[in-house]
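Novice: My structure file structure.pdb, PDB, N, CA, C and O atoms, is below:
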ATOM      1  N   MET Y   1      -5.911   2.180   4.048
ATOM      2  CA  MET Y   1      -5.931   1.260   5.164
ATOM      3  C   MET Y   1      -7.372   1.160   5.645
ATOM      4  O   MET Y   1      -8.018   2.166   5.915
ATOM      5  N   LEU Y   2      -7.858  -0.063   5.742
ATOM      6  CA  LEU Y   2      -9.221  -0.282   6.204
ATOM      7  C   LEU Y   2      -9.275  -0.696   7.666
ATOM      8  O   LEU Y   2     -10.313  -0.572   8.300
ATOM      9  N   SER Y   3      -8.181  -1.218   8.189
ATOM     10  CA  SER Y   3      -8.143  -1.667   9.582
ATOM     11  C   SER Y   3      -8.123  -0.472  10.520
ATOM     12  O   SER Y   3      -7.512   0.553  10.220
ATOM     13  N   PRO Y   4      -8.773  -0.606  11.685
ATOM     14  CA  PRO Y   4      -8.716   0.476  12.669
ATOM     15  C   PRO Y   4      -7.284   0.704  13.133
ATOM     16  O   PRO Y   4      -6.496  -0.238  13.210
ATOM     17  N   ILE Y   5      -6.953   1.948  13.440
ATOM     18  CA  ILE Y   5      -5.590   2.249  13.866
ATOM     19  C   ILE Y   5      -5.472   2.593  15.348
ATOM     20  O   ILE Y   5      -4.369   2.685  15.866
ATOM     21  N   GLU Y   6      -6.594   2.755  16.035
ATOM     22  CA  GLU Y   6      -6.487   3.079  17.462
ATOM     23  C   GLU Y   6      -6.032   1.847  18.238
ATOM     24  O   GLU Y   6      -6.325   0.715  17.885
ATOM     25  N   ASN Y   7      -5.289   2.064  19.300
ATOM     26  CA  ASN Y   7      -4.675   0.986  20.074
ATOM     27  C   ASN Y   7      -5.660  -0.083  20.510
ATOM     28  O   ASN Y   7      -5.350  -1.271  20.450
ATOM     29  N   VAL Y   8      -6.829   0.295  20.953
ATOM     30  CA  VAL Y   8      -7.786  -0.658  21.495
ATOM     31  C   VAL Y   8      -8.290  -1.636  20.428
ATOM     32  O   VAL Y   8      -8.730  -2.735  20.748
ATOM     33  N   SER Y   9      -8.201  -1.284  19.164
ATOM     34  CA  SER Y   9      -8.721  -2.119  18.086
ATOM     35  C   SER Y   9      -7.640  -2.849  17.288
ATOM     36  O   SER Y   9      -7.947  -3.513  16.303
ATOM     37  N   ARG Y  10      -6.409  -2.738  17.687
ATOM     38  CA  ARG Y  10      -5.320  -3.343  16.917
ATOM     39  C   ARG Y  10      -5.353  -4.866  17.000
ATOM     40  O   ARG Y  10      -5.723  -5.441  18.010
ATOM     41  N   SER Y  11      -4.934  -5.481  15.880
ATOM     42  CA  SER Y  11      -4.796  -6.936  15.841
ATOM     43  C   SER Y  11      -3.733  -7.291  14.827
ATOM     44  O   SER Y  11      -3.124  -6.425  14.211
ATOM     45  N   ALA Y  12      -3.522  -8.586  14.622
ATOM     46  CA  ALA Y  12      -2.528  -9.043  13.653
ATOM     47  C   ALA Y  12      -3.108  -9.094  12.237
ATOM     48  O   ALA Y  12      -2.420  -9.470  11.312
ATOM     49  N   ILE Y  13      -4.358  -8.708  12.076
ATOM     50  CA  ILE Y  13      -4.997  -8.704  10.762
ATOM     51  C   ILE Y  13      -5.060  -7.269  10.254
ATOM     52  O   ILE Y  13      -5.561  -6.381  10.929
ATOM     53  N   THR Y  14      -4.511  -7.073   9.060
ATOM     54  CA  THR Y  14      -4.506  -5.750   8.443
ATOM     55  C   THR Y  14      -5.167  -5.857   7.078
ATOM     56  O   THR Y  14      -4.847  -6.745   6.291
ATOM     57  N   SER Y  15      -6.109  -4.963   6.815
ATOM     58  CA  SER Y  15      -6.782  -4.937   5.514
ATOM     59  C   SER Y  15      -6.581  -3.576   4.867
ATOM     60  O   SER Y  15      -6.593  -2.556   5.536
ATOM     61  N   PHE Y  16      -6.389  -3.607   3.543
ATOM     62  CA  PHE Y  16      -6.169  -2.361   2.813
ATOM     63  C   PHE Y  16      -6.621  -2.522   1.371
ATOM     64  O   PHE Y  16      -6.788  -3.635   0.879
ATOM     65  N   GLU Y  17      -6.818  -1.388   0.706
ATOM     66  CA  GLU Y  17      -7.147  -1.346  -0.712
ATOM     67  C   GLU Y  17      -6.113  -0.493  -1.428
ATOM     68  O   GLU Y  17      -5.459   0.347  -0.815
ATOM     69  N   PHE Y  18      -5.991  -0.712  -2.719
ATOM     70  CA  PHE Y  18      -5.136   0.109  -3.558
ATOM     71  C   PHE Y  18      -6.003   1.116  -4.299
ATOM     72  O   PHE Y  18      -7.102   0.782  -4.724
ATOM     73  N   LYS Y  19      -5.508   2.314  -4.470
ATOM     74  CA  LYS Y  19      -6.208   3.300  -5.293
ATOM     75  C   LYS Y  19      -5.852   3.050  -6.749
ATOM     76  O   LYS Y  19      -4.680   3.112  -7.122
ATOM     77  N   GLY Y  20      -6.856   2.753  -7.565
ATOM     78  CA  GLY Y  20      -6.641   2.582  -8.988
ATOM     79  C   GLY Y  20      -5.969   1.284  -9.401
ATOM     80  O   GLY Y  20      -5.576   1.138 -10.545
ATOM     81  N   LYS Y  21      -5.810   0.352  -8.482
ATOM     82  CA  LYS Y  21      -5.207  -0.949  -8.795
ATOM     83  C   LYS Y  21      -6.044  -2.046  -8.152
ATOM     84  O   LYS Y  21      -6.720  -1.825  -7.157
ATOM     85  N   SER Y  22      -5.949  -3.223  -8.720
ATOM     86  CA  SER Y  22      -6.749  -4.351  -8.263
ATOM     87  C   SER Y  22      -6.113  -5.088  -7.089
ATOM     88  O   SER Y  22      -4.984  -5.571  -7.190
ATOM     89  N   GLY Y  23      -6.852  -5.175  -6.007
ATOM     90  CA  GLY Y  23      -6.406  -5.980  -4.879
ATOM     91  C   GLY Y  23      -6.375  -7.451  -5.241
ATOM     92  O   GLY Y  23      -5.494  -8.199  -4.809
ATOM     93  N   LYS Y  24      -7.321  -7.882  -6.061
ATOM     94  CA  LYS Y  24      -7.383  -9.287  -6.476
ATOM     95  C   LYS Y  24      -6.140  -9.667  -7.276
ATOM     96  O   LYS Y  24      -5.550 -10.727  -7.053
ATOM     97  N   ASP Y  25      -5.724  -8.807  -8.197
ATOM     98  CA  ASP Y  25      -4.520  -9.081  -8.982
ATOM     99  C   ASP Y  25      -3.289  -9.167  -8.091
ATOM    100  O   ASP Y  25      -2.432 -10.028  -8.271
ATOM    101  N   PHE Y  26      -3.190  -8.273  -7.115
ATOM    102  CA  PHE Y  26      -2.054  -8.277  -6.187
ATOM    103  C   PHE Y  26      -2.018  -9.583  -5.400
ATOM    104  O   PHE Y  26      -0.969 -10.227  -5.297
ATOM    105  N   VAL Y  27      -3.147  -9.991  -4.866
ATOM    106  CA  VAL Y  27      -3.215 -11.231  -4.093
ATOM    107  C   VAL Y  27      -2.855 -12.431  -4.961
ATOM    108  O   VAL Y  27      -2.061 -13.287  -4.553
ATOM    109  N   ASN Y  28      -3.413 -12.493  -6.161
ATOM    110  CA  ASN Y  28      -3.099 -13.614  -7.049
ATOM    111  C   ASN Y  28      -1.615 -13.671  -7.370
ATOM    112  O   ASN Y  28      -1.006 -14.739  -7.364
ATOM    113  N   GLU Y  29      -1.019 -12.538  -7.643
ATOM    114  CA  GLU Y  29       0.409 -12.482  -7.975
ATOM    115  C   GLU Y  29       1.267 -12.952  -6.808
ATOM    116  O   GLU Y  29       2.173 -13.769  -6.974
ATOM    117  N   LEU Y  30       1.004 -12.477  -5.619
ATOM    118  CA  LEU Y  30       1.843 -12.832  -4.476
ATOM    119  C   LEU Y  30       1.552 -14.223  -3.940
ATOM    120  O   LEU Y  30       2.457 -14.909  -3.488
ATOM    121  N   ASN Y  31       0.311 -14.675  -3.983
ATOM    122  CA  ASN Y  31       0.006 -16.016  -3.481
ATOM    123  C   ASN Y  31       0.619 -17.099  -4.364
ATOM    124  O   ASN Y  31       1.049 -18.130  -3.865
ATOM    125  N   TYR Y  32       0.666 -16.872  -5.664
ATOM    126  CA  TYR Y  32       1.158 -17.911  -6.565
ATOM    127  C   TYR Y  32       2.631 -17.777  -6.897
ATOM    128  O   TYR Y  32       3.262 -18.756  -7.222
ATOM    129  N   GLY Y  33       3.191 -16.584  -6.798
ATOM    130  CA  GLY Y  33       4.569 -16.403  -7.198
ATOM    131  C   GLY Y  33       5.546 -16.156  -6.067
ATOM    132  O   GLY Y  33       6.744 -16.094  -6.289
ATOM    133  N   LYS Y  34       5.066 -16.011  -4.864
ATOM    134  CA  LYS Y  34       5.940 -15.637  -3.745
ATOM    135  C   LYS Y  34       5.671 -16.526  -2.532
ATOM    136  O   LYS Y  34       4.956 -17.503  -2.608
ATOM    137  N   LYS Y  35       6.188 -16.110  -1.383
ATOM    138  CA  LYS Y  35       6.038 -16.876  -0.150
ATOM    139  C   LYS Y  35       4.885 -16.372   0.715
ATOM    140  O   LYS Y  35       4.866 -16.644   1.898
ATOM    141  N   PHE Y  36       3.967 -15.660   0.168
ATOM    142  CA  PHE Y  36       2.918 -15.046   0.978
ATOM    143  C   PHE Y  36       1.588 -15.764   0.809
ATOM    144  O   PHE Y  36       1.300 -16.318  -0.241
ATOM    145  N   ARG Y  37       0.784 -15.727   1.842
ATOM    146  CA  ARG Y  37      -0.595 -16.202   1.789
ATOM    147  C   ARG Y  37      -1.460 -15.015   2.194
ATOM    148  O   ARG Y  37      -1.575 -14.671   3.358
ATOM    149  N   LEU Y  38      -2.034 -14.398   1.195
ATOM    150  CA  LEU Y  38      -2.884 -13.237   1.404
ATOM    151  C   LEU Y  38      -4.309 -13.621   1.040
ATOM    152  O   LEU Y  38      -4.532 -14.556   0.287
ATOM    153  N   ARG Y  39      -5.257 -12.876   1.545
ATOM    154  CA  ARG Y  39      -6.662 -13.130   1.228
ATOM    155  C   ARG Y  39      -7.238 -11.930   0.496
ATOM    156  O   ARG Y  39      -7.034 -10.788   0.911
ATOM    157  N   TYR Y  40      -7.953 -12.209  -0.573
ATOM    158  CA  TYR Y  40      -8.673 -11.168  -1.283
ATOM    159  C   TYR Y  40     -10.043 -11.039  -0.646
ATOM    160  O   TYR Y  40     -10.735 -12.035  -0.418
ATOM    161  N   VAL Y  41     -10.453  -9.814  -0.339
ATOM    162  CA  VAL Y  41     -11.740  -9.558   0.309
ATOM    163  C   VAL Y  41     -12.616  -8.766  -0.649
ATOM    164  O   VAL Y  41     -12.307  -7.623  -0.992
ATOM    165  N   SER Y  42     -13.713  -9.398  -1.077
ATOM    166  CA  SER Y  42     -14.629  -8.730  -2.002
ATOM    167  C   SER Y  42     -15.996  -8.463  -1.384
ATOM    168  O   SER Y  42     -16.841  -7.820  -2.006
ATOM    169  N   GLU Y  43     -16.225  -8.921  -0.179
ATOM    170  CA  GLU Y  43     -17.510  -8.710   0.479
ATOM    171  C   GLU Y  43     -17.814  -7.224   0.611
ATOM    172  O   GLU Y  43     -16.913  -6.402   0.750
ATOM    173  N   ALA Y  44     -19.085  -6.902   0.556
ATOM    174  CA  ALA Y  44     -19.572  -5.526   0.736
ATOM    175  C   ALA Y  44     -18.971  -4.559  -0.279
ATOM    176  O   ALA Y  44     -18.751  -3.388   0.014
ATOM    177  N   GLY Y  45     -18.653  -5.072  -1.471
ATOM    178  CA  GLY Y  45     -18.138  -4.206  -2.511
ATOM    179  C   GLY Y  45     -16.675  -3.823  -2.374
ATOM    180  O   GLY Y  45     -16.199  -2.933  -3.071
ATOM    181  N   LEU Y  46     -15.970  -4.486  -1.498
ATOM    182  CA  LEU Y  46     -14.553  -4.172  -1.312
ATOM    183  C   LEU Y  46     -13.699  -4.806  -2.406
ATOM    184  O   LEU Y  46     -14.079  -5.807  -3.017
ATOM    185  N   ASP Y  47     -12.550  -4.251  -2.631
ATOM    186  CA  ASP Y  47     -11.501  -4.813  -3.493
ATOM    187  C   ASP Y  47     -10.238  -4.761  -2.650
ATOM    188  O   ASP Y  47      -9.288  -4.046  -2.944
ATOM    189  N   ALA Y  48     -10.247  -5.508  -1.546
ATOM    190  CA  ALA Y  48      -9.244  -5.343  -0.500
ATOM    191  C   ALA Y  48      -8.331  -6.555  -0.367
ATOM    192  O   ALA Y  48      -8.643  -7.652  -0.814
ATOM    193  N   VAL Y  49      -7.212  -6.318   0.278
ATOM    194  CA  VAL Y  49      -6.231  -7.338   0.603
ATOM    195  C   VAL Y  49      -6.196  -7.471   2.123
ATOM    196  O   VAL Y  49      -6.180  -6.468   2.836
ATOM    197  N   ARG Y  50      -6.191  -8.710   2.600
ATOM    198  CA  ARG Y  50      -6.091  -8.945   4.040
ATOM    199  C   ARG Y  50      -4.801  -9.714   4.319
ATOM    200  O   ARG Y  50      -4.544 -10.753   3.717
ATOM    201  N   VAL Y  51      -4.009  -9.182   5.222
ATOM    202  CA  VAL Y  51      -2.758  -9.798   5.646
ATOM    203  C   VAL Y  51      -2.911 -10.200   7.103
ATOM    204  O   VAL Y  51      -3.278  -9.373   7.943
ATOM    205  N   SER Y  52      -2.646 -11.462   7.395
ATOM    206  CA  SER Y  52      -2.708 -11.944   8.775
ATOM    207  C   SER Y  52      -1.304 -12.344   9.201
ATOM    208  O   SER Y  52      -0.776 -13.365   8.765
ATOM    209  N   THR Y  53      -0.701 -11.525  10.031
ATOM    210  CA  THR Y  53       0.640 -11.835  10.522
ATOM    211  C   THR Y  53       0.542 -12.665  11.795
ATOM    212  O   THR Y  53      -0.512 -12.733  12.429
ATOM    213  N   HIS Y  54       1.643 -13.286  12.141
ATOM    214  CA  HIS Y  54       1.679 -14.169  13.293
ATOM    215  C   HIS Y  54       3.037 -14.030  13.960
ATOM    216  O   HIS Y  54       3.968 -13.461  13.381
ATOM    217  N   TYR Y  55       3.191 -14.582  15.122
ATOM    218  CA  TYR Y  55       4.463 -14.445  15.851
ATOM    219  C   TYR Y  55       5.630 -15.079  15.110
ATOM    220  O   TYR Y  55       6.776 -14.725  15.322
ATOM    221  N   TYR Y  56       5.377 -16.015  14.208
ATOM    222  CA  TYR Y  56       6.476 -16.647  13.480
ATOM    223  C   TYR Y  56       6.928 -15.852  12.257
ATOM    224  O   TYR Y  56       7.901 -16.215  11.606
ATOM    225  N   ASN Y  57       6.239 -14.772  11.908
ATOM    226  CA  ASN Y  57       6.699 -13.909  10.822
ATOM    227  C   ASN Y  57       7.861 -13.055  11.319
ATOM    228  O   ASN Y  57       7.757 -12.400  12.348
ATOM    229  N   SER Y  58       8.951 -13.084  10.572
ATOM    230  CA  SER Y  58      10.120 -12.286  10.954
ATOM    231  C   SER Y  58       9.962 -10.855  10.437
ATOM    232  O   SER Y  58       9.155 -10.588   9.539
ATOM    233  N   LEU Y  59      10.748  -9.956  10.986
ATOM    234  CA  LEU Y  59      10.773  -8.576  10.527
ATOM    235  C   LEU Y  59      11.151  -8.533   9.043
ATOM    236  O   LEU Y  59      10.560  -7.781   8.266
ATOM    237  N   GLU Y  60      12.095  -9.371   8.640
ATOM    238  CA  GLU Y  60      12.522  -9.418   7.242
ATOM    239  C   GLU Y  60      11.367  -9.835   6.322
ATOM    240  O   GLU Y  60      11.221  -9.321   5.219
ATOM    241  N   HIS Y  61      10.558 -10.769   6.769
ATOM    242  CA  HIS Y  61       9.414 -11.228   5.987
ATOM    243  C   HIS Y  61       8.405 -10.087   5.807
ATOM    244  O   HIS Y  61       7.880  -9.878   4.700
ATOM    245  N   ILE Y  62       8.147  -9.341   6.851
ATOM    246  CA  ILE Y  62       7.224  -8.210   6.778
ATOM    247  C   ILE Y  62       7.801  -7.122   5.871
ATOM    248  O   ILE Y  62       7.086  -6.540   5.054
ATOM    249  N   GLN Y  63       9.090  -6.863   5.989
ATOM    250  CA  GLN Y  63       9.727  -5.857   5.127
ATOM    251  C   GLN Y  63       9.653  -6.262   3.655
ATOM    252  O   GLN Y  63       9.458  -5.414   2.780
ATOM    253  N   LEU Y  64       9.780  -7.547   3.358
ATOM    254  CA  LEU Y  64       9.653  -8.029   1.990
ATOM    255  C   LEU Y  64       8.235  -7.781   1.465
ATOM    256  O   LEU Y  64       8.052  -7.349   0.321
ATOM    257  N   LEU Y  65       7.237  -8.015   2.295
ATOM    258  CA  LEU Y  65       5.860  -7.743   1.891
ATOM    259  C   LEU Y  65       5.662  -6.253   1.608
ATOM    260  O   LEU Y  65       5.049  -5.880   0.602
ATOM    261  N   VAL Y  66       6.202  -5.400   2.452
ATOM    262  CA  VAL Y  66       6.090  -3.956   2.245
ATOM    263  C   VAL Y  66       6.757  -3.554   0.924
ATOM    264  O   VAL Y  66       6.203  -2.741   0.168
ATOM    265  N   LYS Y  67       7.884  -4.157   0.597
ATOM    266  CA  LYS Y  67       8.548  -3.888  -0.690
ATOM    267  C   LYS Y  67       7.679  -4.328  -1.855
ATOM    268  O   LYS Y  67       7.608  -3.648  -2.883
ATOM    269  N   GLU Y  68       7.025  -5.476  -1.718
ATOM    270  CA  GLU Y  68       6.134  -5.971  -2.781
ATOM    271  C   GLU Y  68       4.943  -5.024  -2.972
ATOM    272  O   GLU Y  68       4.524  -4.762  -4.096
ATOM    273  N   ILE Y  69       4.410  -4.518  -1.873
ATOM    274  CA  ILE Y  69       3.299  -3.557  -1.957
ATOM    275  C   ILE Y  69       3.760  -2.302  -2.672
ATOM    276  O   ILE Y  69       3.090  -1.799  -3.579
ATOM    277  N   ALA Y  70       4.915  -1.778  -2.289
ATOM    278  CA  ALA Y  70       5.451  -0.568  -2.914
ATOM    279  C   ALA Y  70       5.702  -0.773  -4.405
ATOM    280  O   ALA Y  70       5.381   0.111  -5.222
ATOM    281  N   ALA Y  71       6.247  -1.923  -4.768
ATOM    282  CA  ALA Y  71       6.506  -2.209  -6.188
ATOM    283  C   ALA Y  71       5.208  -2.306  -6.970
ATOM    284  O   ALA Y  71       5.120  -1.832  -8.109
ATOM    285  N   TYR Y  72       4.175  -2.871  -6.384
ATOM    286  CA  TYR Y  72       2.879  -2.990  -7.055
ATOM    287  C   TYR Y  72       2.258  -1.618  -7.269
ATOM    288  O   TYR Y  72       1.700  -1.337  -8.331
ATOM    289  N   ILE Y  73       2.373  -0.769  -6.286
ATOM    290  CA  ILE Y  73       1.829   0.591  -6.405
ATOM    291  C   ILE Y  73       2.523   1.349  -7.531
ATOM    292  O   ILE Y  73       1.884   2.070  -8.292
ATOM    293  N   LYS Y  74       3.832   1.161  -7.661
ATOM    294  CA  LYS Y  74       4.609   1.878  -8.685
ATOM    295  C   LYS Y  74       4.441   1.309 -10.087
ATOM    296  O   LYS Y  74       4.722   1.990 -11.058
ATOM    297  N   SER Y  75       3.976   0.052 -10.173
ATOM    298  CA  SER Y  75       3.873  -0.593 -11.490
ATOM    299  C   SER Y  75       2.705  -0.071 -12.314
ATOM    300  O   SER Y  75       1.813   0.549 -11.876
TER     301      SER Y  75
END
Output the structure of this file as structure tokens.

Specialist:
Amino acid sequence: MLSPIENVSRSAITSFEFKGKSGKDFVNELNYGKKFRLRYVSEAGLDAVRVSTHYYNSLEHIQLLVKEIAAYIKS
């Protein structure tokens, strides 16, 4: 997790990297094959994924994203 976790710094934008897996591949797979719009972040040498949630995202939608992340990690 690259995003700050302390309360004062929280926002709807979450950035993270995978250990030993490509963030770019994950973003490409989910942006083109699923209902997600994720951003690949390569600035400053990062290989990160940025997720921007909004009030219109349902709990089910977020849970589906978490399942996709878990499946990618296991693959």

Novice: What does the distance between atom O of Asp47 in chain Y and CA of Lys21 in chain Y come to in Å, to one decimal place?

Specialist: 7.8 Å

Novice: Using only C-alpha atoms, can you tell me which of Y:Phe36, Y:Gly45, Y:Tyr72, Y:Ser52 comes closest to Phe18 in chain Y?

Specialist: Y:Tyr72

Novice: Can you measure CA of Ala71 in chain Y to CA of Arg10 in chain Y for me? One decimal in Å is fine.

Specialist: 26.0 Å

Novice: With distances taken over all atoms listed in the file, which residue among Y:Glu43, Y:Glu60, Y:Glu17, Y:Glu68 lies nearest Leu2 in chain Y?

Specialist: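 Going through Y:Glu43, Y:Glu60, Y:Glu17, Y:Glu68 one by one, the smallest distance to Leu2 in chain Y is for Y:Glu17.
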
Novice: Quick one: distance from atom N of Leu59 in chain Y to atom N of Ile5 in chain Y in Å, one decimal?

Specialist: 21.5 Å

Novice: Just list the residues in chain Y DSSP gives helix (DSSP H, G or I) on the backbone, as an MDAnalysis selection string.

Specialist: chainID Y and resid 7:9 23:33 43:45 59:74

Novice: Env of Ser15 in chain Y: 8 Å cut, atoms = all atoms listed in the file, seq-sep filter 2 positions within chain, self excluded. Answer as an NGL selection string.

Specialist: :Y and (1-4 or 12-13 or 17 or 39 or 48-52)

Novice: Restrict the selected residues to N, CA, C and O atoms and save them as a compact mmCIF listing (two decimals), in the frame of the given file.

Specialist:
# COMPACT_ATOMS: atom_id res chain seq x y z
N MET Y 1 -5.91 2.18 4.05
CA MET Y 1 -5.93 1.26 5.16
C MET Y 1 -7.37 1.16 5.64
O MET Y 1 -8.02 2.17 5.92
N LEU Y 2 -7.86 -0.06 5.74
CA LEU Y 2 -9.22 -0.28 6.20
C LEU Y 2 -9.28 -0.70 7.67
O LEU Y 2 -10.31 -0.57 8.30
N SER Y 3 -8.18 -1.22 8.19
CA SER Y 3 -8.14 -1.67 9.58
C SER Y 3 -8.12 -0.47 10.52
O SER Y 3 -7.51 0.55 10.22
N PRO Y 4 -8.77 -0.61 11.68
CA PRO Y 4 -8.72 0.48 12.67
C PRO Y 4 -7.28 0.70 13.13
O PRO Y 4 -6.50 -0.24 13.21
N ALA Y 12 -3.52 -8.59 14.62
CA ALA Y 12 -2.53 -9.04 13.65
C ALA Y 12 -3.11 -9.09 12.24
O ALA Y 12 -2.42 -9.47 11.31
N ILE Y 13 -4.36 -8.71 12.08
CA ILE Y 13 -5.00 -8.70 10.76
C ILE Y 13 -5.06 -7.27 10.25
O ILE Y 13 -5.56 -6.38 10.93
N GLU Y 17 -6.82 -1.39 0.71
CA GLU Y 17 -7.15 -1.35 -0.71
C GLU Y 17 -6.11 -0.49 -1.43
O GLU Y 17 -5.46 0.35 -0.82
N ARG Y 39 -5.26 -12.88 1.54
CA ARG Y 39 -6.66 -13.13 1.23
C ARG Y 39 -7.24 -11.93 0.50
O ARG Y 39 -7.03 -10.79 0.91
N ALA Y 48 -10.25 -5.51 -1.55
CA ALA Y 48 -9.24 -5.34 -0.50
C ALA Y 48 -8.33 -6.56 -0.37
O ALA Y 48 -8.64 -7.65 -0.81
N VAL Y 49 -7.21 -6.32 0.28
CA VAL Y 49 -6.23 -7.34 0.60
C VAL Y 49 -6.20 -7.47 2.12
O VAL Y 49 -6.18 -6.47 2.84
N ARG Y 50 -6.19 -8.71 2.60
CA ARG Y 50 -6.09 -8.94 4.04
C ARG Y 50 -4.80 -9.71 4.32
O ARG Y 50 -4.54 -10.75 3.72
N VAL Y 51 -4.01 -9.18 5.22
CA VAL Y 51 -2.76 -9.80 5.65
C VAL Y 51 -2.91 -10.20 7.10
O VAL Y 51 -3.28 -9.37 7.94
N SER Y 52 -2.65 -11.46 7.40
CA SER Y 52 -2.71 -11.94 8.78
C SER Y 52 -1.30 -12.34 9.20
O SER Y 52 -0.78 -13.36 8.76

Novice: Would you give the centre and edge lengths, in Å to one decimal, of a box along x, y and z around the listed atoms of range 2-18 of chain Y, with 5 Å added to each side, as lines of an AutoDock Vina configuration file?

Specialist:
center_x = -6.4
center_y = -3.2
center_z = 8.4
size_x = 17.9
size_y = 22.5
size_z = 36.2

Novice: Would you mind listing what lies within 8 Å of Leu46 in chain Y as a ChimeraX atom specification, with only N, CA, C and O atoms counted and same-chain residues fewer than 6 positions away left out?

Specialist: /Y:16-17,23-24,40

Novice: I'd like to know which residues of chain Y are strand (DSSP E or B) (by DSSP, run on the backbone); could you write them as an MDAnalysis selection string?

Specialist: chainID Y and resid 13:17 39:41 48:52

Novice: For Thr53 in chain Y, which residue out of Y:Leu30, Y:Gly20, Y:Thr14, Y:Asp25 is the nearest one, using all atoms listed in the file?

Specialist: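 Checking each candidate against Thr53 in chain Y, we get Y:Thr14 as the closest.
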
Novice: Missing atoms in range 3-9 of chain Y should be modelled up to all heavy atoms and reported as a compact mmCIF listing (two decimals), in the coordinates of the input.

Specialist:
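The resulting file, result.txt, is shown below:
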# COMPACT_ATOMS: atom_id res chain seq x y z
N SER Y 3 -8.18 -1.22 8.19
CA SER Y 3 -8.14 -1.67 9.58
C SER Y 3 -8.12 -0.47 10.52
O SER Y 3 -7.51 0.55 10.22
CB SER Y 3 -6.89 -2.51 9.83
OG SER Y 3 -6.90 -3.65 9.01
N PRO Y 4 -8.77 -0.61 11.68
CA PRO Y 4 -8.72 0.48 12.67
C PRO Y 4 -7.28 0.70 13.13
O PRO Y 4 -6.50 -0.24 13.21
CB PRO Y 4 -9.57 -0.04 13.82
CG PRO Y 4 -10.40 -1.14 13.25
CD PRO Y 4 -9.61 -1.71 12.13
N ILE Y 5 -6.95 1.95 13.44
CA ILE Y 5 -5.59 2.25 13.87
C ILE Y 5 -5.47 2.59 15.35
O ILE Y 5 -4.37 2.68 15.87
CB ILE Y 5 -4.98 3.39 13.01
CG1 ILE Y 5 -5.81 4.65 13.11
CG2 ILE Y 5 -4.79 2.95 11.57
CD1 ILE Y 5 -5.17 5.87 12.46
N GLU Y 6 -6.59 2.76 16.04
CA GLU Y 6 -6.49 3.08 17.46
C GLU Y 6 -6.03 1.85 18.24
O GLU Y 6 -6.32 0.72 17.89
CB GLU Y 6 -7.79 3.64 18.03
CG GLU Y 6 -8.96 2.69 18.06
CD GLU Y 6 -9.77 2.68 16.78
OE1 GLU Y 6 -9.54 3.49 15.89
OE2 GLU Y 6 -10.64 1.80 16.67
N ASN Y 7 -5.29 2.06 19.30
CA ASN Y 7 -4.68 0.99 20.07
C ASN Y 7 -5.66 -0.08 20.51
O ASN Y 7 -5.35 -1.27 20.45
CB ASN Y 7 -3.96 1.54 21.30
CG ASN Y 7 -2.69 2.29 20.95
OD1 ASN Y 7 -2.14 2.11 19.87
ND2 ASN Y 7 -2.24 3.15 21.84
N VAL Y 8 -6.83 0.30 20.95
CA VAL Y 8 -7.79 -0.66 21.50
C VAL Y 8 -8.29 -1.64 20.43
O VAL Y 8 -8.73 -2.74 20.75
CB VAL Y 8 -8.96 0.07 22.19
CG1 VAL Y 8 -9.84 0.78 21.18
CG2 VAL Y 8 -9.75 -0.86 23.07
N SER Y 9 -8.20 -1.28 19.16
CA SER Y 9 -8.72 -2.12 18.09
C SER Y 9 -7.64 -2.85 17.29
O SER Y 9 -7.95 -3.51 16.30
CB SER Y 9 -9.54 -1.25 17.12
OG SER Y 9 -10.63 -0.67 17.78
